[in-house]
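Peer 1: One structure, pasted below without further comment.
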Amino acid sequence: MADPRFFSAAGPHLLGRLAELAGATLAPGGDAAAVFDDVASLDAAGPTHVSFIDNRRYVDNFMRSRAGACIAPPNLAEKAPHGMALLLSESPYRAYALVARAFYPKPVREPGIHAAAIVDPGAVLGEGVVIGDDTTVGVGASLSHCLIGSRVLVHAGARIGQRGFGFAMDPESYVDVPQLGRVILHDDAEIGANSTIDRGSGPDTVIGPGCKIDNLVQIGHNVQLGRGCVIVAQAGISGSTKLEDHVVIAAQGGLTGHLSIGKGAQIAAQSGVMRDVMAGTAVCGSPAVPIKEFFRQTATLARLSKSKGRV
Amino acid sequence: MADPRFFSAAGPHLLGRLAELAGATLAPGGDAAAVFDDVASLDAAGPTHVSFIDNRRYVDNFMRSRAGACIAPPNLAEKAPHGMALLLSESPYRAYALVARAFYPKPVREPGIHAAAIVDPGAVLGEGVVIGDDTTVGVGASLSHCLIGSRVLVHAGARIGQRGFGFAMDPESYVDVPQLGRVILHDDAEIGANSTIDRGSGPDTVIGPGCKIDNLVQIGHNVQLGRGCVIVAQAGISGSTKLEDHVVIAAQGGLTGHLSIGKGAQIAAQSGVMRDVMAGTAVCGSPAVPIKEFFRQTATLARLSKSKGRV
Amino acid sequence: MADPRFFSAAGPHLLGRLAELAGATLAPGGDAAAVFDDVASLDAAGPTHVSFIDNRRYVDNFMRSRAGACIAPPNLAEKAPHGMALLLSESPYRAYALVARAFYPKPVREPGIHAAAIVDPGAVLGEGVVIGDDTTVGVGASLSHCLIGSRVLVHAGARIGQRGFGFAMDPESYVDVPQLGRVILHDDAEIGANSTIDRGSGPDTVIGPGCKIDNLVQIGHNVQLGRGCVIVAQAGISGSTKLEDHVVIAAQGGLTGHLSIGKGAQIAAQSGVMRDVMAGTAVCGSPAVPIKEFFRQTATLARLSKSKGRV
């Protein structure tokens with residue numbers, strides 16, 4: 001059970017009701033009227049707990065689990081231990097999210113974020129900043145020159161709206177360029193702890209609706225993110241690069257400036273992207289190339305290296 | 001026009017005066033007495049706005065722009081649309097900086113930074129810290145064990161002067177080494193949001209005059225930066241490495257400790273530098289090699305990979 | 001001498017006593033009754049100062065040093081300048097740590113950390129957080145959903161316990177997964193400035209006893225670190241990855257999720273680890289391979305590139 005010092009639980013719930021909430025199918029043999037009182041990991045779960053598996057790495061844990069019920073993809077059903085009820089779903093993690101919310105329905109209090117309120121007293125807002133309904137700003141975050149939508153979550157220590165890295169390089173001294181744009185954070189965006197988003201230099205820096213930005217991410221001035229982009233921890237996007245909807249940048253990836261990244265493109269972890277990326281393609285490496293090409297290059301080099309360059 | 005909630009504008013100005021301020025040449029056909037009231041991007045500009053172009057990626061936007069005047073390099077002049085006045089400059093971005101300052105002469109207020117004051121009340125200074133004239137320290141920044149010059153700008157959340165990562169590794173337990181140096185930030189340096197600069201271990205950590213450090217940069221203990229170095233976002237420099245004047249480290253670059261980087265050297269994005277770099281050279285890759293060699297290696301591997309290793 | 005505005009010194013000490021404290025051997029010719037009053041770097045030291053050398057890069061500085069005494073490994077003894085007393089140690093940096101502590105015995109005050117107290121008034125603790133004896137939390141740090149042991153040092157701006165990057169991706173909208181675990185920081189751990197540690201999603205995120213985490217490091221939810229792991233600046237560990245004891249991740253290294261890293265494994269700087277790593281092995285590269293293989297590949301590519309792919 002989640003530590004009651006930090007979390008407050010609801011329930012119990014009937015398994016049939018949980019299946020319904022999760023959009024999952026109760027596999028034959030499962031008892032819709034069985035009572036469950038919590039979620040737990042495969043290893044920690046007991047007979048009255050619901051667990052989940054969505055990664056083949058954990059099949060052994062699944063086979064040994066004592067969970068009374070488990071959310072699983074249909075193709076793992078045959079691995080379930082005897083007596084475990086299965087909630088079958090093609091999106092087991094999503095289904096788990098919905099079940100876990102049934103047991104922990106109240107918003108979890110983040111450090112310094114008031115559940116129903118707007119801005120932590122330890123956060124700092126510059127003049128003119130506008131913040132929408134149900135948006136929460138974590139402790140120690142600072143915001144300026146920005147307009148923020150509804151249901152946005154800004155985590156602790158995020159820095160939004162400071163001047164970007166805009167100066168004219170000059171042999172004698174650098175001339176700062178006034179940074180005259182703003183940051184626009186659309187509805188339902190999430191900004192991770194200690195991430196930094198610079199305001200635009202004239203145009204705005206724009207984070208689209210529902211974007212998920214992890215911790216320690218850097219977003220340069222004039223960057224534009226479409227809807228539902230996912231930027232994983234420690235990635236960085238240089239100035240004026242534009243992402244269409246649902247682009248994913250994995251951890252520590254980097255994009256140079258002035259690029260166009262097409263809808264649904266995927267940038268692998270630690271990639272360095274120096275060119276435009278077409279919609280729907282996946283790239284990897286530094287400099288980044290199509291991911292199949294990357295793995296072919298990696299294999300080629302490994303082979304040549306083993307043969308001491310003889311081919 | 002920049003959002004008046006955040007920025008206060010001056011002007012209008014005569015085009016001839018703007019050319020003078022920018023050190024640019026008004027091209028034939030331009031009217032020095034024409035009146036302009038703002039700066040704007042190529043796409044957003046109208047007939048009374050001054051725009052600029054300094055990157056060939058934006059030639060199409062330039063050709064379609066409705067800006068009344070535009071700062072441009074001479075070699076793009078022929079692409080200008082009919083009726084647009086041109087301010088010709090070999091340093092168009094620098095010229096734009098100077099024009100934009102004419103329209104927005106007042107210091108832009110950073111989050112929590114008081115225009116004419118020294119230190120935000122939300123910043124924290126340790127005992128003994130010395131700060132020069134016109135230096136501004138952003139909200140939530142913390143400084144200790146440091147001496148800071150004039151006209152320095154420390155952005156929100158920067159951490160300056162904490163103990164470096166100095167301990168003797170030992171099979172049994174790690175022994176912390178007292179960190180007895182300071183951080184010296186010389187005049188006109190800028191430190192980005194959430195960047196971290198550790199104090200020296202005995203010698204000082206030194207940031208030279210006019211250095212520009214972007215967001216989320218890590219500077220280890222005893223690092224010394226000469227004059228006007230530029231360290232782009234998420235780059236890191238390990239302990240005791242020394243940079244001469246005007247070194248540039250692009251985003252996410254990393255340098256191991258105890259290196260010497262010569263004057264004007266350029267470290268490409270995501271490079272991993274494990275050896276000294278001579279003055280004036282550019283390196284790329286991890287481990288970093290001269291940039292021409294890097295691109296030759298990249299091309300070689302791509303070719304071998306396509307030929308399945310047959311050469 | 002360390003700047004008395006920031007540091008308070010003790011001493012003087014007899015050389016024989018310092019050798020004893022350091023576990024070092026006074027080399028023949030050294031006077032155990034000689035009086036020393038400070039530590040200093042090779043370049044800055046004078047006749048009453050103790051210095052140290054543990055890196056061959058500094059042999060020239062060693063040979064020119066005017067230090068009255070120097071801690072050195074036995075194999076460098078013959079390089080010592082005439083008249084310098086030597087404290088011989090196979091662990092010169094560790095020995096130096098112990099000598100420096102004799103001269104600066106008082107805890108150095110970190111920004112906003114009270115020497116004998118627990119938590120800076122500028123730090124923010126969420127409800128239910130437990131903190132052990134002699135633990136110090138720096139200014140601007142924020143902690144929630146965590147249990148912290150004794151003698152832990154949390155530097156300024158660290159963010160511990162916020163919700164991890166846990167959501168089910170979905171074509172329509174992302175569904176946040178309640179994050180129901182905690183962060184457990186065991187005794188003697190150190191967390192660097194502006195680093196971020198997400199709480200577990202159900203299991204806990206665990207930082208083992210004596211772990212050293214540098215600045216700007218990201219630790220994802222459910223990550224588990226054994227005893228004495230060292231994570232250097234700007235490295236990142238994705239969710240659910242487990243490190244056994246004494247693993248070292250050098251700067252800017254990255255690990256994907258759900259990995260097992262064996263005892264004493266070493267991950268080189270900027271490496272990207274996508275597979276489990278066996279105990280005691282060193283890996284390098286992105287994707288990471290055994291370090292010997294990495295350098296063989298690097299050499300192979302350099303050679304092929306020079307021969308234009310002819311072998």
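Just remember, in the structure tokens the first chain shown is A, the second B, etc., residues are 1-based per chain, and ligands are 1-based in the order shown.
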Using only C-alpha atoms, determine which residues of chain C fall within 6 Å of chain A; present them as an MDAnalysis selection string.

Peer 2: chainID C and resid 126 128 144:145 168 177 180 297 300

Peer 1: Compile the contact shell of segment 11-19 of chain B as a ChimeraX atom specification: residues with an atom at most 8 Å away, counting only C-alpha atoms, same-chain residues fewer than 5 positions apart removed.

Peer 2: /B:24-26,31-38,87,99,102-103

Peer 1: Excluding Val277 of chain B and residues on its chain fewer than 2 positions from it, collect all residues at most 10 Å away from it, counting only C-alpha atoms, and give them as a PDB file with N, CA, C and O atoms, in the first residue's frame.

Peer 2:
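So out-v2.pdb came out as:
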```pdb
ATOM      1  N   LEU B 243      40.083  27.091 -20.323  1.00  0.00           N
ATOM      2  CA  LEU B 243      39.761  27.588 -21.652  1.00  0.00           C
ATOM      3  C   LEU B 243      40.416  28.956 -21.829  1.00  0.00           C
ATOM      4  O   LEU B 243      40.247  29.836 -20.978  1.00  0.00           O
ATOM      5  N   LEU B 259      42.140  19.628 -18.885  1.00  0.00           N
ATOM      6  CA  LEU B 259      42.494  19.915 -20.275  1.00  0.00           C
ATOM      7  C   LEU B 259      42.852  21.386 -20.464  1.00  0.00           C
ATOM      8  O   LEU B 259      42.481  22.242 -19.661  1.00  0.00           O
ATOM      9  N   SER B 260      43.547  21.651 -21.576  1.00  0.00           N
ATOM     10  CA  SER B 260      43.815  23.024 -22.010  1.00  0.00           C
ATOM     11  C   SER B 260      43.184  23.219 -23.384  1.00  0.00           C
ATOM     12  O   SER B 260      43.507  22.476 -24.317  1.00  0.00           O
ATOM     13  N   ILE B 261      42.324  24.211 -23.495  1.00  0.00           N
ATOM     14  CA  ILE B 261      41.622  24.478 -24.746  1.00  0.00           C
ATOM     15  C   ILE B 261      42.089  25.852 -25.231  1.00  0.00           C
ATOM     16  O   ILE B 261      41.904  26.861 -24.557  1.00  0.00           O
ATOM     17  N   GLY B 262      42.687  25.858 -26.431  1.00  0.00           N
ATOM     18  CA  GLY B 262      43.327  27.078 -26.913  1.00  0.00           C
ATOM     19  C   GLY B 262      42.344  28.145 -27.371  1.00  0.00           C
ATOM     20  O   GLY B 262      41.171  27.883 -27.626  1.00  0.00           O
ATOM     21  N   LYS B 263      42.876  29.328 -27.534  1.00  0.00           N
ATOM     22  CA  LYS B 263      42.087  30.514 -27.885  1.00  0.00           C
ATOM     23  C   LYS B 263      41.243  30.283 -29.143  1.00  0.00           C
ATOM     24  O   LYS B 263      41.745  29.820 -30.167  1.00  0.00           O
ATOM     25  N   ALA B 265      39.095  28.162 -29.915  1.00  0.00           N
ATOM     26  CA  ALA B 265      38.706  26.801 -30.313  1.00  0.00           C
ATOM     27  C   ALA B 265      37.195  26.667 -30.279  1.00  0.00           C
ATOM     28  O   ALA B 265      36.515  27.364 -29.521  1.00  0.00           O
ATOM     29  N   GLN B 266      36.676  25.753 -31.127  1.00  0.00           N
ATOM     30  CA  GLN B 266      35.239  25.541 -31.177  1.00  0.00           C
ATOM     31  C   GLN B 266      34.929  24.062 -30.989  1.00  0.00           C
ATOM     32  O   GLN B 266      35.440  23.203 -31.715  1.00  0.00           O
ATOM     33  N   ILE B 267      34.082  23.794 -30.028  1.00  0.00           N
ATOM     34  CA  ILE B 267      33.704  22.419 -29.687  1.00  0.00           C
ATOM     35  C   ILE B 267      32.264  22.235 -30.161  1.00  0.00           C
ATOM     36  O   ILE B 267      31.369  22.929 -29.695  1.00  0.00           O
ATOM     37  N   VAL B 273      35.214  15.848 -25.335  1.00  0.00           N
ATOM     38  CA  VAL B 273      36.612  16.214 -25.524  1.00  0.00           C
ATOM     39  C   VAL B 273      37.458  15.569 -24.428  1.00  0.00           C
ATOM     40  O   VAL B 273      37.226  15.803 -23.242  1.00  0.00           O
ATOM     41  N   MET B 274      38.402  14.742 -24.851  1.00  0.00           N
ATOM     42  CA  MET B 274      39.241  14.021 -23.898  1.00  0.00           C
ATOM     43  C   MET B 274      40.700  14.441 -23.975  1.00  0.00           C
ATOM     44  O   MET B 274      41.529  13.922 -23.240  1.00  0.00           O
ATOM     45  N   ARG B 275      41.032  15.327 -24.911  1.00  0.00           N
ATOM     46  CA  ARG B 275      42.416  15.772 -25.073  1.00  0.00           C
ATOM     47  C   ARG B 275      42.447  17.281 -25.219  1.00  0.00           C
ATOM     48  O   ARG B 275      41.453  17.908 -25.563  1.00  0.00           O
ATOM     49  N   ALA B 279      44.581  26.139 -30.227  1.00  0.00           N
ATOM     50  CA  ALA B 279      43.911  27.394 -30.548  1.00  0.00           C
ATOM     51  C   ALA B 279      43.378  27.364 -31.975  1.00  0.00           C
ATOM     52  O   ALA B 279      44.024  26.856 -32.897  1.00  0.00           O
ATOM     53  N   GLY B 280      42.190  27.900 -32.156  1.00  0.00           N
ATOM     54  CA  GLY B 280      41.648  28.110 -33.485  1.00  0.00           C
ATOM     55  C   GLY B 280      41.127  26.872 -34.180  1.00  0.00           C
ATOM     56  O   GLY B 280      40.664  26.948 -35.321  1.00  0.00           O
ATOM     57  N   THR B 281      41.169  25.727 -33.530  1.00  0.00           N
ATOM     58  CA  THR B 281      40.689  24.518 -34.208  1.00  0.00           C
ATOM     59  C   THR B 281      39.266  24.188 -33.775  1.00  0.00           C
ATOM     60  O   THR B 281      38.822  24.577 -32.708  1.00  0.00           O
ATOM     61  N   ALA B 282      38.581  23.462 -34.663  1.00  0.00           N
ATOM     62  CA  ALA B 282      37.215  23.029 -34.373  1.00  0.00           C
ATOM     63  C   ALA B 282      37.207  21.518 -34.253  1.00  0.00           C
ATOM     64  O   ALA B 282      37.789  20.821 -35.087  1.00  0.00           O
ATOM     65  N   VAL B 283      36.559  21.005 -33.225  1.00  0.00           N
ATOM     66  CA  VAL B 283      36.496  19.561 -33.029  1.00  0.00           C
ATOM     67  C   VAL B 283      35.052  19.120 -32.879  1.00  0.00           C
ATOM     68  O   VAL B 283      34.166  19.901 -32.537  1.00  0.00           O
ATOM     69  N   ALA B 288      36.133  13.490 -29.352  1.00  0.00           N
ATOM     70  CA  ALA B 288      36.219  14.546 -30.351  1.00  0.00           C
ATOM     71  C   ALA B 288      37.480  14.440 -31.186  1.00  0.00           C
ATOM     72  O   ALA B 288      38.554  14.118 -30.686  1.00  0.00           O
ATOM     73  N   VAL B 289      37.323  14.710 -32.491  1.00  0.00           N
ATOM     74  CA  VAL B 289      38.437  14.772 -33.440  1.00  0.00           C
ATOM     75  C   VAL B 289      38.251  16.056 -34.253  1.00  0.00           C
ATOM     76  O   VAL B 289      37.189  16.670 -34.196  1.00  0.00           O
ATOM     77  N   PRO B 290      39.279  16.458 -35.010  1.00  0.00           N
ATOM     78  CA  PRO B 290      39.090  17.662 -35.834  1.00  0.00           C
ATOM     79  C   PRO B 290      37.845  17.519 -36.706  1.00  0.00           C
ATOM     80  O   PRO B 290      37.546  16.424 -37.199  1.00  0.00           O
TER      81      PRO B 290
END
```

Peer 1: List every residue of segment 184-256 of chain C that DSSP, applied to the backbone of this structure, places in strand (DSSP E), and write the result as an MDAnalysis selection string.

Peer 2: chainID C and resid 184:185 190:191 196:197 205:207 212:213 218:219 224:225 230:231 236:237 242:243 248:249 254:255

Peer 1: Enter the distance from atom CA of Val130 of chain A to atom CA of Gly161 of chain A, in Å, rounded to one decimal.

Peer 2: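 The value is 12.3 Å.
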
Peer 1: Determine, counting only C-alpha atoms, which protein, DNA and RNA residues have an atom within 7 Å of an atom of Leu225 of chain B; residues of the same chain fewer than 6 positions away are not included. Present the result as a PyMOL selection string.

Peer 2: chain B and resi 206-208+242-244

Peer 1: Please produce an output containing all heavy atoms for each residue in the selection, written as a PDB file, in the first residue's frame.

Peer 2:
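The resulting file, selection-v9.pdb, is shown below:
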```pdb
ATOM      1  N   VAL B 206      37.134  30.228 -12.201  1.00  0.00           N
ATOM      2  CA  VAL B 206      37.156  31.591 -12.737  1.00  0.00           C
ATOM      3  C   VAL B 206      36.365  31.663 -14.045  1.00  0.00           C
ATOM      4  O   VAL B 206      36.604  30.883 -14.976  1.00  0.00           O
ATOM      5  CB  VAL B 206      38.607  32.043 -13.014  1.00  0.00           C
ATOM      6  CG1 VAL B 206      38.631  33.455 -13.586  1.00  0.00           C
ATOM      7  CG2 VAL B 206      39.435  31.969 -11.733  1.00  0.00           C
ATOM      8  N   ILE B 207      35.447  32.610 -14.110  1.00  0.00           N
ATOM      9  CA  ILE B 207      34.683  32.890 -15.330  1.00  0.00           C
ATOM     10  C   ILE B 207      35.137  34.261 -15.814  1.00  0.00           C
ATOM     11  O   ILE B 207      34.920  35.269 -15.144  1.00  0.00           O
ATOM     12  CB  ILE B 207      33.170  32.897 -15.041  1.00  0.00           C
ATOM     13  CG1 ILE B 207      32.738  31.630 -14.287  1.00  0.00           C
ATOM     14  CG2 ILE B 207      32.375  33.105 -16.326  1.00  0.00           C
ATOM     15  CD1 ILE B 207      32.935  30.343 -15.040  1.00  0.00           C
ATOM     16  N   GLY B 208      35.753  34.293 -17.001  1.00  0.00           N
ATOM     17  CA  GLY B 208      36.371  35.511 -17.487  1.00  0.00           C
ATOM     18  C   GLY B 208      35.373  36.592 -17.890  1.00  0.00           C
ATOM     19  O   GLY B 208      34.173  36.343 -17.997  1.00  0.00           O
ATOM     20  N   LYS B 242      41.022  24.278 -18.452  1.00  0.00           N
ATOM     21  CA  LYS B 242      41.223  25.710 -18.687  1.00  0.00           C
ATOM     22  C   LYS B 242      40.896  26.057 -20.133  1.00  0.00           C
ATOM     23  O   LYS B 242      41.397  25.422 -21.063  1.00  0.00           O
ATOM     24  CB  LYS B 242      42.678  26.088 -18.408  1.00  0.00           C
ATOM     25  CG  LYS B 242      43.040  26.015 -16.941  1.00  0.00           C
ATOM     26  CD  LYS B 242      44.462  26.491 -16.689  1.00  0.00           C
ATOM     27  CE  LYS B 242      44.779  26.543 -15.205  1.00  0.00           C
ATOM     28  NZ  LYS B 242      44.553  25.298 -14.458  1.00  0.00           N
ATOM     29  N   LEU B 243      40.083  27.091 -20.323  1.00  0.00           N
ATOM     30  CA  LEU B 243      39.761  27.588 -21.652  1.00  0.00           C
ATOM     31  C   LEU B 243      40.416  28.956 -21.829  1.00  0.00           C
ATOM     32  O   LEU B 243      40.247  29.836 -20.978  1.00  0.00           O
ATOM     33  CB  LEU B 243      38.255  27.756 -21.827  1.00  0.00           C
ATOM     34  CG  LEU B 243      37.415  26.525 -22.184  1.00  0.00           C
ATOM     35  CD1 LEU B 243      37.529  25.425 -21.152  1.00  0.00           C
ATOM     36  CD2 LEU B 243      35.956  26.908 -22.398  1.00  0.00           C
ATOM     37  N   GLU B 244      41.117  29.135 -22.931  1.00  0.00           N
ATOM     38  CA  GLU B 244      41.611  30.473 -23.252  1.00  0.00           C
ATOM     39  C   GLU B 244      40.454  31.325 -23.788  1.00  0.00           C
ATOM     40  O   GLU B 244      39.306  30.901 -23.780  1.00  0.00           O
ATOM     41  CB  GLU B 244      42.764  30.366 -24.251  1.00  0.00           C
ATOM     42  CG  GLU B 244      43.985  29.688 -23.621  1.00  0.00           C
ATOM     43  CD  GLU B 244      45.163  29.575 -24.589  1.00  0.00           C
ATOM     44  OE1 GLU B 244      45.050  30.078 -25.725  1.00  0.00           O
ATOM     45  OE2 GLU B 244      46.193  28.982 -24.199  1.00  0.00           O
TER      46      GLU B 244
END
```

Peer 1: I need the residues in segment 13-180 of chain B that are alpha helix (DSSP H) according to DSSP; give them as a PyMOL selection string.

Peer 2: chain B and resi 15-22+59-64+92-103

Peer 1: Given the selection you just returned, output its residues as a file containing N, CA and C atoms, formatted as a PDB file, in the first residue's frame.

Peer 2:
```
ATOM      1  N   LEU B  15      14.397  56.030 -40.595  1.00  0.00           N
ATOM      2  CA  LEU B  15      15.203  54.929 -41.110  1.00  0.00           C
ATOM      3  C   LEU B  15      16.690  55.288 -41.195  1.00  0.00           C
ATOM      4  N   GLY B  16      16.966  56.518 -41.558  1.00  0.00           N
ATOM      5  CA  GLY B  16      18.365  56.947 -41.655  1.00  0.00           C
ATOM      6  C   GLY B  16      19.069  56.869 -40.300  1.00  0.00           C
ATOM      7  N   ARG B  17      18.327  57.253 -39.277  1.00  0.00           N
ATOM      8  CA  ARG B  17      18.881  57.195 -37.926  1.00  0.00           C
ATOM      9  C   ARG B  17      19.129  55.747 -37.495  1.00  0.00           C
ATOM     10  N   LEU B  18      18.227  54.876 -37.871  1.00  0.00           N
ATOM     11  CA  LEU B  18      18.379  53.466 -37.518  1.00  0.00           C
ATOM     12  C   LEU B  18      19.593  52.855 -38.227  1.00  0.00           C
ATOM     13  N   ALA B  19      19.777  53.237 -39.485  1.00  0.00           N
ATOM     14  CA  ALA B  19      20.947  52.744 -40.228  1.00  0.00           C
ATOM     15  C   ALA B  19      22.231  53.158 -39.518  1.00  0.00           C
ATOM     16  N   GLU B  20      22.219  54.405 -39.069  1.00  0.00           N
ATOM     17  CA  GLU B  20      23.388  54.947 -38.368  1.00  0.00           C
ATOM     18  C   GLU B  20      23.667  54.159 -37.072  1.00  0.00           C
ATOM     19  N   LEU B  21      22.599  53.967 -36.291  1.00  0.00           N
ATOM     20  CA  LEU B  21      22.753  53.229 -35.032  1.00  0.00           C
ATOM     21  C   LEU B  21      23.266  51.812 -35.283  1.00  0.00           C
ATOM     22  N   ALA B  22      22.819  51.241 -36.385  1.00  0.00           N
ATOM     23  CA  ALA B  22      23.142  49.842 -36.662  1.00  0.00           C
ATOM     24  C   ALA B  22      24.480  49.681 -37.357  1.00  0.00           C
ATOM     25  N   VAL B  59      15.188  32.520 -46.492  1.00  0.00           N
ATOM     26  CA  VAL B  59      15.111  33.324 -47.716  1.00  0.00           C
ATOM     27  C   VAL B  59      13.677  33.397 -48.245  1.00  0.00           C
ATOM     28  N   ASP B  60      12.952  32.276 -48.156  1.00  0.00           N
ATOM     29  CA  ASP B  60      11.566  32.309 -48.635  1.00  0.00           C
ATOM     30  C   ASP B  60      10.725  33.302 -47.838  1.00  0.00           C
ATOM     31  N   ASN B  61      10.921  33.276 -46.530  1.00  0.00           N
ATOM     32  CA  ASN B  61      10.189  34.229 -45.688  1.00  0.00           C
ATOM     33  C   ASN B  61      10.570  35.660 -46.041  1.00  0.00           C
ATOM     34  N   PHE B  62      11.828  35.849 -46.357  1.00  0.00           N
ATOM     35  CA  PHE B  62      12.332  37.166 -46.744  1.00  0.00           C
ATOM     36  C   PHE B  62      11.640  37.628 -48.029  1.00  0.00           C
ATOM     37  N   MET B  63      11.568  36.737 -48.998  1.00  0.00           N
ATOM     38  CA  MET B  63      10.993  37.105 -50.297  1.00  0.00           C
ATOM     39  C   MET B  63       9.500  37.431 -50.198  1.00  0.00           C
ATOM     40  N   ARG B  64       8.858  36.819 -49.205  1.00  0.00           N
ATOM     41  CA  ARG B  64       7.417  37.054 -49.015  1.00  0.00           C
ATOM     42  C   ARG B  64       7.111  38.145 -48.002  1.00  0.00           C
ATOM     43  N   PRO B  92      24.341  41.215 -39.843  1.00  0.00           N
ATOM     44  CA  PRO B  92      22.938  41.623 -39.726  1.00  0.00           C
ATOM     45  C   PRO B  92      22.327  41.377 -38.349  1.00  0.00           C
ATOM     46  N   TYR B  93      22.783  40.357 -37.673  1.00  0.00           N
ATOM     47  CA  TYR B  93      22.180  40.074 -36.357  1.00  0.00           C
ATOM     48  C   TYR B  93      22.626  41.122 -35.346  1.00  0.00           C
ATOM     49  N   ARG B  94      23.886  41.472 -35.424  1.00  0.00           N
ATOM     50  CA  ARG B  94      24.395  42.543 -34.562  1.00  0.00           C
ATOM     51  C   ARG B  94      23.666  43.860 -34.859  1.00  0.00           C
ATOM     52  N   ALA B  95      23.497  44.168 -36.147  1.00  0.00           N
ATOM     53  CA  ALA B  95      22.800  45.394 -36.530  1.00  0.00           C
ATOM     54  C   ALA B  95      21.361  45.377 -36.008  1.00  0.00           C
ATOM     55  N   TYR B  96      20.739  44.202 -36.091  1.00  0.00           N
ATOM     56  CA  TYR B  96      19.375  44.091 -35.584  1.00  0.00           C
ATOM     57  C   TYR B  96      19.336  44.339 -34.078  1.00  0.00           C
ATOM     58  N   ALA B  97      20.321  43.797 -33.368  1.00  0.00           N
ATOM     59  CA  ALA B  97      20.374  44.013 -31.917  1.00  0.00           C
ATOM     60  C   ALA B  97      20.350  45.502 -31.609  1.00  0.00           C
ATOM     61  N   LEU B  98      21.116  46.264 -32.381  1.00  0.00           N
ATOM     62  CA  LEU B  98      21.221  47.701 -32.106  1.00  0.00           C
ATOM     63  C   LEU B  98      19.933  48.442 -32.470  1.00  0.00           C
ATOM     64  N   VAL B  99      19.287  48.025 -33.553  1.00  0.00           N
ATOM     65  CA  VAL B  99      18.007  48.631 -33.933  1.00  0.00           C
ATOM     66  C   VAL B  99      16.928  48.292 -32.907  1.00  0.00           C
ATOM     67  N   ALA B 100      16.890  47.035 -32.497  1.00  0.00           N
ATOM     68  CA  ALA B 100      15.864  46.623 -31.534  1.00  0.00           C
ATOM     69  C   ALA B 100      16.022  47.377 -30.215  1.00  0.00           C
ATOM     70  N   ARG B 101      17.265  47.617 -29.854  1.00  0.00           N
ATOM     71  CA  ARG B 101      17.501  48.401 -28.626  1.00  0.00           C
ATOM     72  C   ARG B 101      16.976  49.824 -28.739  1.00  0.00           C
ATOM     73  N   ALA B 102      16.985  50.357 -29.956  1.00  0.00           N
ATOM     74  CA  ALA B 102      16.449  51.707 -30.134  1.00  0.00           C
ATOM     75  C   ALA B 102      14.948  51.720 -29.865  1.00  0.00           C
ATOM     76  N   PHE B 103      14.265  50.654 -30.221  1.00  0.00           N
ATOM     77  CA  PHE B 103      12.824  50.591 -29.984  1.00  0.00           C
ATOM     78  C   PHE B 103      12.474  50.134 -28.565  1.00  0.00           C
TER      79      PHE B 103
END
```

Peer 1: What separation in Å, quoted to one decimal, exists between atom CA of Pro203 of chain B and atom CA of Ile237 of chain B?

Peer 2: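 Computing it gives 16.1 Å between the two atoms.
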
Peer 1: Could you check the closest approach to Glu90 of chain A for each of A:Cys70, A:Gly23, A:Ser150, A:Ile219 and tell me which residue wins, using only C-alpha atoms?

Peer 2: A:Gly23

Peer 1: Can you pull out every residue within 6 Å of Ala72 of chain B, counting only C-alpha atoms, but drop anything in the same chain fewer than 3 positions away, and send it as a short mmCIF file (atom, residue, chain, number, x, y, z; two decimals) with N, CA and C atoms, in the first residue's frame?

Peer 2:
```cif
data_model
loop_
_atom_site.label_atom_id
_atom_site.label_comp_id
_atom_site.auth_asym_id
_atom_site.auth_seq_id
_atom_site.Cartn_x
_atom_site.Cartn_y
_atom_site.Cartn_z
N PHE B 52 14.87 41.53 -40.06
CA PHE B 52 16.25 41.18 -40.42
C PHE B 52 16.30 39.75 -40.92
N ILE B 53 17.33 39.47 -41.71
CA ILE B 53 17.61 38.10 -42.13
C ILE B 53 19.10 37.86 -42.01
N LEU B 88 21.94 47.36 -45.34
CA LEU B 88 22.93 46.33 -45.63
C LEU B 88 24.00 46.28 -44.55
N PRO B 92 24.34 41.22 -39.84
CA PRO B 92 22.94 41.62 -39.73
C PRO B 92 22.33 41.38 -38.35
#
```

Peer 1: Counting only C-alpha atoms, what is within 6 Å of Ser238 of chain A, bar same-chain residues fewer than 5 positions away, as a list in words?

Peer 2: Gly220, Leu255, Thr256 and Gly257 of chain A

Peer 1: Take atom CA of Gly253 of chain A and atom CA of Asp276 of chain B and report the distance between them in Å, one decimal.

Peer 2: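 Going from atom CA of Gly253 of chain A over to atom CA of Asp276 of chain B, I get 25.8 Å.
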